[in-house]
Each structure stands twice: as C-alpha cells, then as structure tokens.
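The next block is entry-v2.cif, given as mmCIF, C-alpha atoms.
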```
data_target
loop_
_atom_site.label_atom_id
_atom_site.label_comp_id
_atom_site.auth_asym_id
_atom_site.auth_seq_id
_atom_site.Cartn_x
_atom_site.Cartn_y
_atom_site.Cartn_z
CA MET A 1 -49.38 -41.10 30.15
CA ALA A 2 -52.58 -39.84 31.77
CA GLY A 3 -51.68 -41.74 34.93
CA LEU A 4 -48.23 -40.19 34.97
CA ILE A 5 -49.66 -36.70 34.52
CA GLY A 6 -52.15 -37.35 37.30
CA PHE A 7 -49.39 -38.60 39.59
CA TRP A 8 -47.33 -35.45 38.84
CA ARG A 9 -50.26 -33.19 39.63
CA ARG A 10 -50.91 -34.96 42.93
CA LEU A 11 -47.38 -34.35 44.15
CA PRO A 12 -46.93 -31.45 46.59
CA TRP A 13 -45.47 -28.32 45.02
CA TRP A 14 -42.10 -28.74 46.70
CA ALA A 15 -41.73 -32.29 45.35
CA ARG A 16 -42.45 -31.14 41.80
CA VAL A 17 -39.99 -28.25 42.13
CA THR A 18 -37.39 -30.59 43.56
CA ALA A 19 -37.88 -32.96 40.63
CA VAL A 20 -37.37 -30.05 38.21
CA PHE A 21 -34.25 -29.02 40.13
CA ALA A 22 -32.89 -32.57 40.05
CA GLY A 23 -33.48 -32.78 36.31
CA GLY A 24 -31.54 -29.58 35.73
CA ARG A 25 -28.66 -30.75 37.89
CA THR A 26 -28.53 -34.09 36.08
CA ILE A 27 -28.14 -32.27 32.77
CA ASP A 28 -25.42 -29.98 34.13
CA THR A 29 -23.56 -32.85 35.77
CA ALA A 30 -23.43 -34.65 32.45
CA LEU A 31 -22.22 -31.51 30.66
CA LEU A 32 -19.56 -30.76 33.28
CA LEU A 33 -18.28 -34.34 33.21
CA TRP A 34 -18.08 -34.16 29.42
CA MET A 35 -16.17 -30.86 29.59
CA ALA A 36 -13.81 -32.31 32.23
CA ALA A 37 -13.12 -35.34 30.04
CA ILE A 38 -11.84 -33.12 27.22
CA GLU A 39 -10.06 -30.59 29.46
CA GLY A 40 -6.29 -30.45 29.16
CA ARG A 41 -3.71 -29.67 31.80
CA ASN A 42 -4.17 -26.13 33.11
CA ALA A 43 -3.24 -23.81 35.96
CA TRP A 44 -5.73 -25.47 38.34
CA THR A 45 -5.95 -29.14 37.41
CA ALA A 46 -4.26 -31.98 35.62
CA ALA A 47 -5.66 -33.13 32.30
CA HIS A 48 -9.10 -34.77 32.45
CA PRO A 49 -9.87 -33.78 36.05
CA GLY A 50 -12.57 -35.34 38.18
CA TYR A 51 -15.86 -33.57 38.80
CA PHE A 52 -14.96 -31.88 42.09
CA ALA A 53 -11.59 -30.63 40.87
CA PHE A 54 -13.21 -29.27 37.70
CA ALA A 55 -15.95 -27.58 39.72
CA ASN A 56 -13.39 -25.67 41.79
CA ILE A 57 -11.45 -23.78 39.14
CA TRP A 58 -11.56 -20.06 38.34
CA ASP A 59 -13.00 -17.99 41.22
CA GLY A 60 -13.48 -21.13 43.27
CA ARG A 61 -9.77 -21.10 44.00
CA TRP A 62 -9.97 -17.52 45.31
CA TYR A 63 -12.80 -18.53 47.64
CA GLN A 64 -10.73 -21.48 48.84
CA ILE A 65 -7.81 -19.16 49.62
CA ILE A 66 -10.10 -16.90 51.65
CA ALA A 67 -11.62 -19.80 53.59
CA SER A 68 -8.26 -21.43 54.33
CA ALA A 69 -7.43 -18.81 56.98
CA TYR A 70 -10.92 -18.52 58.40
CA SER A 71 -10.19 -20.29 61.70
CA ARG A 72 -7.02 -18.40 62.59
CA ALA A 73 -7.52 -14.89 61.25
CA LEU A 74 -11.13 -13.85 61.84
CA PRO A 75 -12.78 -11.87 60.43
CA PHE A 76 -10.62 -11.26 57.36
CA GLY A 77 -9.12 -14.65 56.55
CA ASN A 78 -6.60 -14.34 53.74
CA TYR A 79 -7.62 -10.83 52.71
CA PRO A 80 -4.34 -8.93 52.37
CA VAL A 81 -3.60 -6.16 54.85
CA THR A 82 -1.12 -4.77 52.31
CA LEU A 83 -2.36 -4.58 48.74
CA PRO A 84 -0.16 -6.08 45.98
CA TYR A 85 1.19 -3.54 43.48
CA ASP A 86 3.06 -3.87 40.21
CA THR A 87 6.21 -1.89 39.43
CA ALA A 88 4.10 0.95 38.01
CA GLY A 89 2.12 1.30 41.23
CA HIS A 90 -1.12 -0.33 40.06
CA VAL A 91 -3.12 -2.54 42.43
CA GLN A 92 -3.00 -6.16 41.29
CA GLN A 93 -5.65 -8.86 41.53
CA ASN A 94 -6.24 -9.99 45.10
CA ALA A 95 -8.84 -11.50 47.42
CA TRP A 96 -10.64 -8.25 48.27
CA ALA A 97 -12.69 -8.66 45.07
CA PHE A 98 -14.40 -11.72 46.58
CA LEU A 99 -16.84 -11.27 49.43
CA PRO A 100 -16.62 -13.55 52.49
CA GLY A 101 -20.19 -14.88 52.79
CA TYR A 102 -19.85 -17.94 50.55
CA PRO A 103 -16.34 -19.11 51.55
CA TYR A 104 -17.18 -18.78 55.25
CA VAL A 105 -20.35 -20.85 54.83
CA VAL A 106 -18.32 -23.48 52.97
CA LYS A 107 -15.78 -23.45 55.80
CA GLY A 108 -18.63 -24.13 58.19
CA MET A 109 -19.70 -27.07 56.01
CA MET A 110 -16.14 -28.39 56.12
CA LEU A 111 -16.12 -28.26 59.92
CA LEU A 112 -19.54 -29.91 60.07
CA THR A 113 -18.91 -32.74 57.61
CA ARG A 114 -15.11 -33.11 57.79
CA LEU A 115 -15.11 -33.07 54.00
CA PRO A 116 -12.41 -31.14 52.08
CA TRP A 117 -13.06 -27.82 50.37
CA GLU A 118 -13.81 -29.25 46.93
CA GLN A 119 -16.72 -31.40 48.07
CA SER A 120 -17.99 -28.94 50.68
CA ALA A 121 -18.12 -26.07 48.17
CA VAL A 122 -20.23 -28.12 45.74
CA ILE A 123 -22.56 -29.28 48.54
CA VAL A 124 -23.15 -25.69 49.71
CA SER A 125 -23.85 -24.54 46.17
CA LEU A 126 -26.27 -27.41 45.54
CA LEU A 127 -28.16 -26.85 48.78
CA CYS A 128 -28.40 -23.10 48.12
CA ALA A 129 -29.49 -23.74 44.53
CA TRP A 130 -32.20 -26.12 45.74
CA GLY A 131 -33.41 -23.47 48.17
CA ALA A 132 -33.25 -20.82 45.45
CA THR A 133 -35.35 -22.98 43.13
CA LEU A 134 -38.01 -23.56 45.80
CA VAL A 135 -38.21 -19.86 46.68
CA PHE A 136 -38.18 -18.86 43.01
CA TYR A 137 -41.27 -20.99 42.39
CA LYS A 138 -43.05 -19.42 45.37
CA LEU A 139 -42.02 -15.98 44.09
CA MET A 140 -43.44 -16.70 40.64
CA ARG A 141 -46.66 -18.08 42.19
CA LEU A 142 -47.33 -14.69 43.74
CA ARG A 143 -47.79 -13.29 40.23
CA LEU A 144 -48.37 -16.17 37.80
CA ARG A 145 -50.69 -19.16 37.46
CA PRO A 146 -49.30 -22.46 38.79
CA SER A 147 -48.42 -24.01 35.42
CA THR A 148 -46.65 -20.85 34.26
CA ALA A 149 -44.76 -20.56 37.55
CA MET A 150 -43.64 -24.18 37.21
CA TYR A 151 -42.46 -23.61 33.65
CA ALA A 152 -40.57 -20.52 34.80
CA THR A 153 -38.92 -22.78 37.37
CA VAL A 154 -37.92 -25.17 34.59
CA LEU A 155 -36.25 -22.26 32.77
CA PHE A 156 -34.54 -21.27 36.03
CA SER A 157 -33.14 -24.80 36.42
CA VAL A 158 -31.81 -25.05 32.85
CA ALA A 159 -30.76 -21.40 32.39
CA PRO A 160 -27.63 -20.83 30.27
CA VAL A 161 -25.49 -20.32 33.40
CA ALA A 162 -27.25 -22.91 35.57
CA ALA A 163 -24.01 -24.89 35.93
CA LEU A 164 -23.11 -22.24 38.53
CA PHE A 165 -25.60 -24.01 40.81
CA GLN A 166 -23.13 -26.85 41.34
CA VAL A 167 -19.64 -25.35 41.25
CA ALA A 168 -17.57 -23.40 43.79
CA TYR A 169 -19.10 -20.01 42.99
CA ALA A 170 -21.22 -17.71 45.18
CA GLU A 171 -24.05 -17.35 42.65
CA ALA A 172 -26.18 -20.18 44.05
CA MET A 173 -26.02 -18.78 47.58
CA TYR A 174 -26.74 -15.28 46.32
CA GLY A 175 -29.58 -16.56 44.16
CA PHE A 176 -31.23 -18.08 47.22
CA LEU A 177 -30.79 -14.90 49.27
CA LEU A 178 -32.01 -12.63 46.47
CA ALA A 179 -35.06 -14.78 45.74
CA LEU A 180 -35.88 -14.69 49.46
CA ILE A 181 -35.46 -10.89 49.59
CA LEU A 182 -37.80 -10.45 46.63
CA TYR A 183 -40.34 -12.91 48.03
CA LEU A 184 -40.38 -11.09 51.38
CA LEU A 185 -40.63 -7.77 49.57
CA LEU A 186 -43.72 -8.88 47.68
CA ARG A 187 -45.18 -10.18 50.94
CA ARG A 188 -44.34 -6.86 52.67
CA ARG A 189 -42.32 -8.64 55.38
CA TYR A 190 -39.77 -5.87 55.74
CA TRP A 191 -38.37 -6.77 59.15
CA LEU A 192 -37.67 -10.34 58.08
CA MET A 193 -35.74 -9.00 55.09
CA LEU A 194 -33.10 -7.24 57.18
CA PRO A 195 -30.76 -10.14 58.05
CA VAL A 196 -31.13 -11.56 54.54
CA ILE A 197 -30.15 -8.19 53.04
CA VAL A 198 -27.02 -8.05 55.18
CA VAL A 199 -25.88 -11.58 54.36
CA ALA A 200 -26.58 -11.05 50.65
CA ALA A 201 -24.48 -7.87 50.65
CA PHE A 202 -21.53 -9.91 51.93
CA THR A 203 -22.09 -12.64 49.34
CA ARG A 204 -22.20 -10.77 46.03
CA PRO A 205 -21.54 -7.05 45.40
CA SER A 206 -25.00 -5.76 44.53
CA GLY A 207 -26.22 -4.29 47.81
CA LEU A 208 -26.63 -0.84 46.26
CA ALA A 209 -28.99 -2.29 43.66
CA VAL A 210 -31.08 -3.75 46.49
CA ALA A 211 -31.06 -0.35 48.22
CA LEU A 212 -32.20 1.38 45.03
CA THR A 213 -34.98 -1.16 44.56
CA LEU A 214 -36.24 -0.68 48.10
CA GLY A 215 -36.00 3.10 47.85
CA LEU A 216 -38.06 3.09 44.66
CA HIS A 217 -40.48 0.68 46.30
CA VAL A 218 -41.07 3.15 49.16
CA LEU A 219 -41.65 6.00 46.71
CA TRP A 220 -44.03 3.84 44.67
CA ARG A 221 -46.06 2.88 47.71
CA LEU A 222 -46.26 6.52 48.86
CA TRP A 223 -47.43 7.55 45.39
CA ALA A 224 -50.00 4.72 45.29
CA ARG A 225 -51.33 5.75 48.70
CA TRP A 226 -51.65 9.36 47.57
CA ARG A 227 -53.21 8.63 44.16
CA ARG A 228 -55.29 5.52 44.86
CA GLY A 229 -55.60 5.36 48.60
CA ASP A 230 -53.58 2.11 48.83
CA GLU A 231 -52.92 0.93 52.36
CA TYR A 232 -49.42 1.88 53.54
CA ARG A 233 -49.65 2.43 57.27
CA MET A 234 -46.96 4.03 59.40
CA PRO A 235 -45.54 0.72 60.79
CA GLN A 236 -44.98 -0.53 57.23
CA LEU A 237 -43.52 2.80 56.15
CA VAL A 238 -41.05 2.75 59.05
CA ALA A 239 -40.09 -0.87 58.40
CA SER A 240 -39.56 -0.31 54.69
CA VAL A 241 -37.45 2.82 55.26
CA VAL A 242 -35.33 0.90 57.76
CA ALA A 243 -34.86 -1.79 55.09
CA VAL A 244 -33.65 0.87 52.65
CA LEU A 245 -31.12 2.17 55.19
CA VAL A 246 -29.89 -1.32 56.06
CA ALA A 247 -29.45 -2.15 52.38
CA LEU A 248 -27.60 1.12 51.77
CA VAL A 249 -25.21 0.61 54.69
CA SER A 250 -24.68 -3.04 53.76
CA GLY A 251 -23.99 -2.07 50.15
CA VAL A 252 -21.07 0.17 51.07
CA ALA A 253 -19.81 -1.86 54.06
CA TRP A 254 -17.33 -4.08 52.21
CA PRO A 255 -15.51 -1.24 50.39
CA LEU A 256 -15.30 0.59 53.74
CA ILE A 257 -13.92 -2.53 55.46
CA ALA A 258 -11.33 -2.98 52.72
CA ALA A 259 -10.31 0.66 53.07
CA ARG A 260 -10.05 0.37 56.86
CA VAL A 261 -8.00 -2.84 56.83
CA THR A 262 -5.60 -1.85 54.05
CA GLY A 263 -5.40 1.88 54.69
CA VAL A 264 -6.18 2.51 51.00
CA PRO A 265 -9.46 4.44 50.49
CA ASP A 266 -10.24 2.82 47.13
CA ALA A 267 -8.83 -0.63 47.92
CA TYR A 268 -11.93 -2.52 46.83
CA THR A 269 -12.60 -0.48 43.69
CA ALA A 270 -8.96 -0.57 42.61
CA THR A 271 -8.92 -4.33 43.12
CA GLU A 272 -12.03 -4.81 40.99
CA LEU A 273 -10.61 -2.58 38.27
CA SER A 274 -7.46 -4.71 38.06
CA TRP A 275 -9.51 -7.44 36.35
CA ARG A 276 -10.49 -5.14 33.48
CA ALA A 277 -7.11 -3.43 32.98
CA ALA A 278 -6.30 -5.69 30.02
CA TYR A 279 -9.32 -4.19 28.23
CA THR A 280 -9.42 -0.59 29.42
CA GLY A 281 -5.96 0.14 30.78
CA TRP A 282 -5.43 1.55 34.24
CA GLY A 283 -7.68 4.28 35.57
CA GLY A 284 -10.43 5.06 38.05
CA LEU A 285 -14.06 4.02 37.94
CA VAL A 286 -16.25 6.45 36.00
CA PRO A 287 -19.92 5.45 36.44
CA PHE A 288 -21.63 4.35 33.20
CA ALA A 289 -18.45 4.82 31.15
CA SER A 290 -17.58 1.11 31.19
CA TRP A 291 -20.29 -0.03 28.76
CA ILE A 292 -19.52 2.85 26.42
CA ASP A 293 -15.84 1.87 26.49
CA GLY A 294 -16.87 -1.75 26.05
CA ALA A 295 -19.01 -0.97 23.02
CA LYS A 296 -16.03 0.76 21.42
CA TRP A 297 -13.57 -1.98 22.41
CA TRP A 298 -15.59 -4.94 21.17
CA PHE A 299 -16.83 -3.37 17.95
CA THR A 300 -13.56 -1.73 16.88
CA LEU A 301 -10.80 -4.02 18.16
CA TRP A 302 -12.70 -7.32 18.05
CA LEU A 303 -15.08 -6.92 15.12
CA GLY A 304 -13.23 -4.23 13.15
CA LEU A 305 -16.30 -2.00 12.89
CA PRO A 306 -16.60 1.75 13.51
CA ALA A 307 -17.12 2.76 17.12
CA TRP A 308 -20.48 4.36 16.35
CA VAL A 309 -21.87 0.92 15.46
CA GLY A 310 -21.08 -0.21 19.00
CA TYR A 311 -22.70 2.87 20.48
CA VAL A 312 -25.86 2.31 18.43
CA ALA A 313 -25.93 -1.36 19.45
CA LEU A 314 -25.60 -0.39 23.12
CA ALA A 315 -28.41 2.17 22.84
CA ALA A 316 -30.60 -0.40 21.11
CA LEU A 317 -29.87 -2.97 23.84
CA VAL A 318 -30.87 -0.51 26.57
CA ALA A 319 -34.01 0.50 24.67
CA LEU A 320 -35.06 -3.13 24.12
CA PHE A 321 -34.57 -3.89 27.80
CA ALA A 322 -36.71 -0.90 28.76
CA LEU A 323 -39.44 -1.94 26.31
CA LEU A 324 -39.38 -5.47 27.74
CA LEU A 325 -39.94 -4.11 31.26
CA LEU A 326 -42.89 -2.08 29.96
CA SER A 327 -44.47 -4.99 28.07
CA PRO A 328 -47.80 -6.51 29.18
CA ALA A 329 -46.01 -9.74 30.18
CA ALA A 330 -43.64 -7.78 32.45
CA ARG A 331 -46.52 -5.86 33.99
CA ARG A 332 -48.06 -9.15 35.07
CA LEU A 333 -45.03 -9.64 37.33
CA GLY A 334 -45.96 -6.52 39.26
CA VAL A 335 -44.07 -3.35 40.07
CA ASP A 336 -41.54 -4.71 42.56
CA LEU A 337 -39.92 -7.33 40.34
CA ARG A 338 -39.65 -4.78 37.56
CA LEU A 339 -38.10 -2.29 39.97
CA TRP A 340 -35.47 -4.88 40.90
CA SER A 341 -34.75 -5.71 37.26
CA ALA A 342 -34.37 -2.04 36.36
CA SER A 343 -32.26 -1.27 39.44
CA TYR A 344 -29.90 -4.17 38.93
CA ALA A 345 -29.52 -3.43 35.22
CA LEU A 346 -28.72 0.19 36.10
CA TYR A 347 -26.15 -1.02 38.64
CA VAL A 348 -24.48 -3.26 36.05
CA LEU A 349 -24.40 -0.41 33.52
CA ALA A 350 -22.84 1.87 36.12
CA VAL A 351 -19.97 -0.31 37.36
CA PHE A 352 -19.37 -3.35 35.14
CA PHE A 353 -17.24 -3.69 32.00
CA PRO A 354 -18.90 -6.05 29.48
CA GLN A 355 -16.85 -9.17 28.80
CA SER A 356 -17.26 -12.93 29.13
CA SER A 357 -18.33 -12.71 32.80
CA THR A 358 -21.34 -10.66 31.73
CA PHE A 359 -23.45 -13.82 31.34
CA ARG A 360 -22.83 -14.70 35.00
CA ILE A 361 -23.21 -11.12 36.18
CA LEU A 362 -26.68 -10.96 34.62
CA PHE A 363 -27.88 -14.01 36.60
CA PRO A 364 -29.66 -11.86 39.27
CA LEU A 365 -32.11 -10.78 36.56
CA PHE A 366 -33.72 -14.22 36.91
CA PRO A 367 -37.17 -12.78 37.86
CA MET A 368 -37.46 -11.85 34.19
CA LEU A 369 -37.79 -15.56 33.41
CA GLY A 370 -41.38 -15.00 34.47
CA ILE A 371 -41.77 -12.96 31.29
CA LEU A 372 -40.31 -15.66 29.04
CA ALA A 373 -42.46 -18.33 30.70
CA GLN A 374 -45.83 -16.81 29.83
CA PRO A 375 -46.36 -17.98 26.21
CA ARG A 376 -48.29 -21.27 26.42
CA SER A 377 -47.40 -22.82 23.06
CA ARG A 378 -46.01 -26.32 23.56
CA TRP A 379 -43.52 -25.83 20.73
CA TYR A 380 -42.34 -22.57 22.25
CA ARG A 381 -41.85 -24.11 25.69
CA VAL A 382 -39.98 -27.14 24.42
CA GLY A 383 -37.90 -24.91 22.15
CA MET A 384 -36.94 -22.62 25.02
CA VAL A 385 -35.73 -25.57 27.10
CA VAL A 386 -33.70 -26.96 24.19
CA ALA A 387 -32.24 -23.52 23.46
CA SER A 388 -31.32 -23.05 27.12
CA ILE A 389 -29.51 -26.39 27.29
CA ALA A 390 -27.68 -25.56 24.06
CA ALA A 391 -26.70 -22.19 25.57
CA GLN A 392 -25.40 -24.03 28.65
CA LEU A 393 -23.13 -26.08 26.42
CA GLY A 394 -21.94 -22.94 24.65
CA TRP A 395 -21.30 -21.14 27.94
CA LEU A 396 -19.31 -24.07 29.34
CA LEU A 397 -17.20 -24.34 26.20
CA LEU A 398 -16.59 -20.62 25.97
CA CYS A 399 -16.19 -19.67 29.62
CA TRP A 400 -15.67 -22.63 31.93
CA THR A 401 -13.20 -24.76 29.99
CA ILE A 402 -9.73 -23.27 29.94
CA GLY A 403 -8.24 -24.29 26.59
CA ASP A 404 -4.93 -22.84 25.45
CA TYR A 405 -5.40 -19.28 26.69
CA ASP A 406 -7.40 -17.71 29.51
CA TRP A 407 -9.33 -14.99 27.70
CA SER A 408 -12.96 -15.74 28.61
CA PRO A 409 -13.38 -16.31 32.37
CA PRO A 410 -16.88 -17.24 33.59
#
```

Have the structure of the file written as structure tokens, please.
Amino acid sequence: MAGLIGFWRRLPWWARVTAVFAGGRTIDTALLLWMAAIEGRNAWTAAHPGYFAFANIWDGRWYQIIASAYSRALPFGNYPVTLPYDTAGHVQQNAWAFLPGYPYVVKGMMLLTRLPWEQSAVIVSLLCAWGATLVFYKLMRLRLRPSTAMYATVLFSVAPVAALFQVAYAEAMYGFLLALILYLLLRRRYWLMLPVIVVAAFTRPSGLAVALTLGLHVLWRLWARWRRGDEYRMPQLVASVVAVLVALVSGVAWPLIAARVTGVPDAYTATELSWRAAYTGWGGLVPFASWIDGAKWWFTLWLGLPAWVGYVALAALVALFALLLLSPAARRLGVDLRLWSASYALYVLAVFFPQSSTFRILFPLFPMLGILAQPRSRWYRVGMVVASIAAQLGWLLLCWTIGDYDWSPP
C-alpha cells in the first residue's frame, strides 16, 4: 500500500487528474449501460438501446438537428426562419433554445473523423470533460492545498450530474470554457479571456452571469485599490473593462440574432418559455417571478401544502446559499469564485423555472465543490463520494431514463 501511495504521489499532476477523470467515467459508463439495459421503447430509441444511442436522447437530438444543416446553411443550420406557432398563437418548442457552439464543434469532429453524430458527440463531450477536469484542478490549486484540490476534483468527476460529461449535451464543453474563464480571471489574464467568453456565450446561455461577475470584479478591484492600495494599474483596468463589455455583448448576442433572423423581437425568450408552459401557462418573462411561481406550484399542486410553505422554503434556500458563500470555507476560495457563484445563482433565480432540469442548470456552480472538499475527515470524504455516486444513480433514474411518461427531462 505504501508503495502504491508513493507511486501515486510521484505521478505528474495531470496524470493523477486524468486517472480521477477516468475513474469517474468508468462509473458513469457502467450506470448508463445499466440504465440502457432496462430502458423500454421510447420516442428516441428502441428498447434496450446501445450506449451511443442512449447517450443521444433528450436535447442531444435537438443538437443533432442543428448540426445536420451546418454545411449547407451557415451560419444558422436548422434554426427556423419562421417560428412554429400553435392555433392560439403561442410559440412552440424549436431549435432557437439551443445554442450553436456544441453542435458545430461536433460537426467538425464528424468531418475530421468520418464518424456519425452519435459517436462524435460523445467524443467531443469526453474530450471537453477531460479538459474541464484538468482546468478545474488547476483552478482549485490557486486557492487550496494540493490534496484538497485533488479531492475537489474527485467530487467534480463523480458529481450527481457527471453523466453529462459523456452524453450529447453541451455541459461538458461549457464546463471546460467556464473553468478556463475563471482560471484566467484569477490569473488576471483578461485579454486571453475574450475569445473564451465569446465561445462560451454561444455554448450555454449564461453570458450575462459572466458579465455580472466581471463587472463586480472590476468594482471589487477598484475598491481594494482605494482602501488597501492593491495594485490595479491602468492596463489591467482597461483590459478588465473590455472583458466586461465583451461578456455583455456576447450575453445578448444570441437573442438579438434570433430576433433578426425570425423578425420576432422576443423569438429566443418566447422559445425558452415554451418549455415551461405546462407548469406556468403562457405569458412573458418576469424576472425573479419564476422561482416564486415554482415554489407555489410544487408545494400546492405537487405536495398539497399551502403556498406560504413554498415561499418560506424558497427564502430559506436563498438564505442558506448566502450563508454558505459567507462561510470561512467559501472565503478560502477567494472573492472571484464567490462572485461567480453569486452572479450565476442570481441569473438562475431571475430567468429559470425550477423543475427537473434544475440539477443540470446548477452545474456551473461547480467552483463551490471547493467548499465541500475542505473537511479532511476520511469518513467524510468517502461518504461524500458514495453519496455523489448514489445521487448519480437517482438522477439517471429520475431524469435520463424515459419510462412511461416524459415529465422529468434532464
């Protein structure tokens, strides 16, 4: 055992992180194959599908539709010029809800390898997830001791939604880009962040959260220079302000493109809202109203409790999150990672309706794993890994498998 531990410690950091990544993917592969073996016939596959077919259900099919027209209809692929409407005049679900970054990269992989979509999509996700894991470790090392950073990386690799690292979803690609943005932010490499910010904004819709984080970062650095004399010279100030502007423009670019192509000013927003109509009915987006409506919906219609119980639970959830960000363990992560966590949580509260996809939507809060990784008890650390793997199984059963009725999409 001592020899094995010594061998592990002599490995370069990237080899150890890669081994952790491979272990996590082995677990998820086994779980996905098990779920596929018990899956019945559904809208996407026959009964008991193979791995690649099972990894390409749900949103993966939307991404495939977008990529299928990539070579003959640049730059908008199969994004509809005319929005689909129902008989009552409501915008129906369509491709504008899915950004083009991931499907276009997969299309490039298809052209490079001559492999079909199913295999190419999984390869892109795995490569991006590997990169995300490597960058995540380096990000944690900027704030935590090596052993704690490595354990945080273990939690990252076995997180409850870690199966997304090897299916046809954009989360792995976005995770890599976001981890790189945060790493460059902590290193104050603002100019290098710019292309990453743009690509990330066209991969997952959270560019405004990045812009808010960077804006707060600039204000924090100005305050620190004024109060403590911290170094924040004019070249860095200019570069960081440019990064804020790039993030802001990138964050609103896709809704503006959708409006320009379709001629409908709220094409993107109306498309996104079509996915929640079964819960909330038809209507416009009112910032921060979605979670209040969700608290009422889940606690009254689902649990049969008074609406005020849901409101109290929501307030308690927000308060606990705020207290976590103010805890000593969170402070060890530094200001910037806490600014991102707060900004992204605020973004989710402003625009998202809580339902089964919430677990996936919360994935960009992965820097907070650095908080959970800090206790050094062996029982705690083993328990957290076991609990995470159990949560993976629960998430796959609840959200990824289809069953008789599609009510809990991932």

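Minimum distance to A:Tyr137 across A:Ala247, A:Met150, A:Ala315, A:Ala43 (counting only C-alpha atoms) occurs at A:Met150.
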
Near-A:Leu285 list (10 Å; all atoms listed in the file; drop same-chain fewer than 2 positions) as an mmCIF file with C-alpha atoms, in the coordinates of the input:
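Below is the file around.cif, written as the result:
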```cif
data_model
loop_
_atom_site.group_PDB
_atom_site.id
_atom_site.type_symbol
_atom_site.label_atom_id
_atom_site.label_comp_id
_atom_site.auth_asym_id
_atom_site.auth_seq_id
_atom_site.Cartn_x
_atom_site.Cartn_y
_atom_site.Cartn_z
ATOM 1 C CA THR A 269 -12.600 -0.480 43.690
ATOM 2 C CA ALA A 270 -8.960 -0.570 42.610
ATOM 3 C CA GLU A 272 -12.030 -4.810 40.990
ATOM 4 C CA LEU A 273 -10.610 -2.580 38.270
ATOM 5 C CA TRP A 282 -5.430 1.550 34.240
ATOM 6 C CA GLY A 283 -7.680 4.280 35.570
ATOM 7 C CA PRO A 287 -19.920 5.450 36.440
ATOM 8 C CA PHE A 288 -21.630 4.350 33.200
ATOM 9 C CA ALA A 289 -18.450 4.820 31.150
ATOM 10 C CA SER A 290 -17.580 1.110 31.190
ATOM 11 C CA ALA A 350 -22.840 1.870 36.120
ATOM 12 C CA VAL A 351 -19.970 -0.310 37.360
ATOM 13 C CA PHE A 352 -19.370 -3.350 35.140
#
```

Distance criterion (all atoms listed in the file): nearest to A:Ala36 out of A:Tyr347, A:Tyr51, A:Trp407, A:Phe7 =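 Looking at the shortest contact to A:Ala36, the residue is A:Tyr51.
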
Smallest atom-to-atom distance to A:Phe165: which of A:Thr29, A:Ser377, A:Gln236, A:Thr300, using all atoms listed in the file?
->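 For A:Phe165, the nearest of the given residues is A:Thr29.
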
Using the chain letters and numbers from the file, which residues does the PyMOL selection byres ((chain A and resi 170) around 8) grab, as a list in words?
->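 Taken on the displayed file, the PyMOL selection byres ((chain A and resi 170) around 8) yields the residues Tyr102, Ser125, Ala168, Tyr169, Glu171, Ala172, Met173, Tyr174, Thr203 and Arg204 of chain A.
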
Polymer residues at most 6 Å from stretch 387-403 of chain A, all atoms listed in the file, same-chain spacing of 4 or more positions, as an MDAnalysis selection string = chainID A and resid 159:160 383 408:410

Neighbours of A:Asp59 within 12 Å (all atoms listed in the file; same-chain residues fewer than 3 positions away dropped), as a PyMOL selection string?
-> chain A and resi 44+54-56+62-66+93-95+97-99+102-103+121+164+167-171+357+400+409-410

Selection result of the PyMOL selection byres ((chain A and resi 39) around 10) on this file, as a count of residues only = 18

Which neighbours of stretch 316-331 of chain A fall inside 8 Å, counting all atoms listed in the file, when residues of the same chain fewer than 2 positions from it are skipped, and could you give them as a list in words?
->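 The neighbour list is Val312, Ala313, Leu314, Leu333, Gly334, Val335, Arg338, Ala342, Met368, Gly370, Ile371 and Gln374 of chain A.
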
A:Thr213, A:Thr148, A:Ser240, A:Gln92: which is nearest A:Tyr190, counting only C-alpha atoms?
-> A:Ser240

Take the PyMOL selection byres ((chain A and resi 110-113) around 12), apply it to the structure above, and return the hits as a ChimeraX atom specification.
-> /A:64,67-68,70-71,103-109,114-124

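With atom CA of A:Val242 on one side and atom CA of A:Leu365 on the other, the separation reads 24.4 Å.
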
State, in Å with one decimal place, the distance from atom CA of A:Ala345 to atom CA of A:Ile292.
-> 14.7 Å

So that I can look at just that part, could you write stretch 304-342 of chain A with C-alpha atoms, as a PDB file, in the first residue's frame?
```pdb
ATOM      1  CA  GLY A 304     -50.668  19.646  -1.376  1.00  0.00           C
ATOM      2  CA  LEU A 305     -49.266  22.193   1.076  1.00  0.00           C
ATOM      3  CA  PRO A 306     -50.160  25.882   1.464  1.00  0.00           C
ATOM      4  CA  ALA A 307     -48.324  28.247  -0.864  1.00  0.00           C
ATOM      5  CA  TRP A 308     -46.713  30.101   2.034  1.00  0.00           C
ATOM      6  CA  VAL A 309     -44.771  26.941   2.915  1.00  0.00           C
ATOM      7  CA  GLY A 310     -43.182  27.072  -0.525  1.00  0.00           C
ATOM      8  CA  TYR A 311     -42.353  30.744  -0.143  1.00  0.00           C
ATOM      9  CA  VAL A 312     -40.714  30.124   3.231  1.00  0.00           C
ATOM     10  CA  ALA A 313     -38.743  27.193   1.796  1.00  0.00           C
ATOM     11  CA  LEU A 314     -37.540  29.366  -1.088  1.00  0.00           C
ATOM     12  CA  ALA A 315     -36.469  32.157   1.274  1.00  0.00           C
ATOM     13  CA  ALA A 316     -34.650  29.636   3.460  1.00  0.00           C
ATOM     14  CA  LEU A 317     -32.874  28.179   0.414  1.00  0.00           C
ATOM     15  CA  VAL A 318     -31.664  31.620  -0.678  1.00  0.00           C
ATOM     16  CA  ALA A 319     -30.567  32.470   2.867  1.00  0.00           C
ATOM     17  CA  LEU A 320     -28.637  29.203   3.254  1.00  0.00           C
ATOM     18  CA  PHE A 321     -26.889  29.782  -0.060  1.00  0.00           C
ATOM     19  CA  ALA A 322     -25.886  33.282   1.022  1.00  0.00           C
ATOM     20  CA  LEU A 323     -24.598  31.987   4.368  1.00  0.00           C
ATOM     21  CA  LEU A 324     -22.581  29.313   2.556  1.00  0.00           C
ATOM     22  CA  LEU A 325     -20.905  31.968   0.392  1.00  0.00           C
ATOM     23  CA  LEU A 326     -20.037  33.923   3.540  1.00  0.00           C
ATOM     24  CA  SER A 327     -18.641  30.917   5.413  1.00  0.00           C
ATOM     25  CA  PRO A 328     -14.913  30.638   6.249  1.00  0.00           C
ATOM     26  CA  ALA A 329     -14.574  27.720   3.805  1.00  0.00           C
ATOM     27  CA  ALA A 330     -16.026  29.843   0.984  1.00  0.00           C
ATOM     28  CA  ARG A 331     -13.751  32.756   1.847  1.00  0.00           C
ATOM     29  CA  ARG A 332     -10.757  30.489   1.307  1.00  0.00           C
ATOM     30  CA  LEU A 333     -11.795  30.262  -2.350  1.00  0.00           C
ATOM     31  CA  GLY A 334     -11.294  33.994  -2.734  1.00  0.00           C
ATOM     32  CA  VAL A 335     -13.569  36.782  -3.893  1.00  0.00           C
ATOM     33  CA  ASP A 336     -13.768  35.959  -7.603  1.00  0.00           C
ATOM     34  CA  LEU A 337     -15.134  32.426  -7.317  1.00  0.00           C
ATOM     35  CA  ARG A 338     -17.717  33.643  -4.831  1.00  0.00           C
ATOM     36  CA  LEU A 339     -18.666  36.476  -7.172  1.00  0.00           C
ATOM     37  CA  TRP A 340     -19.251  33.938  -9.944  1.00  0.00           C
ATOM     38  CA  SER A 341     -21.320  31.680  -7.687  1.00  0.00           C
ATOM     39  CA  ALA A 342     -23.465  34.593  -6.524  1.00  0.00           C
TER      40      ALA A 342
END
```
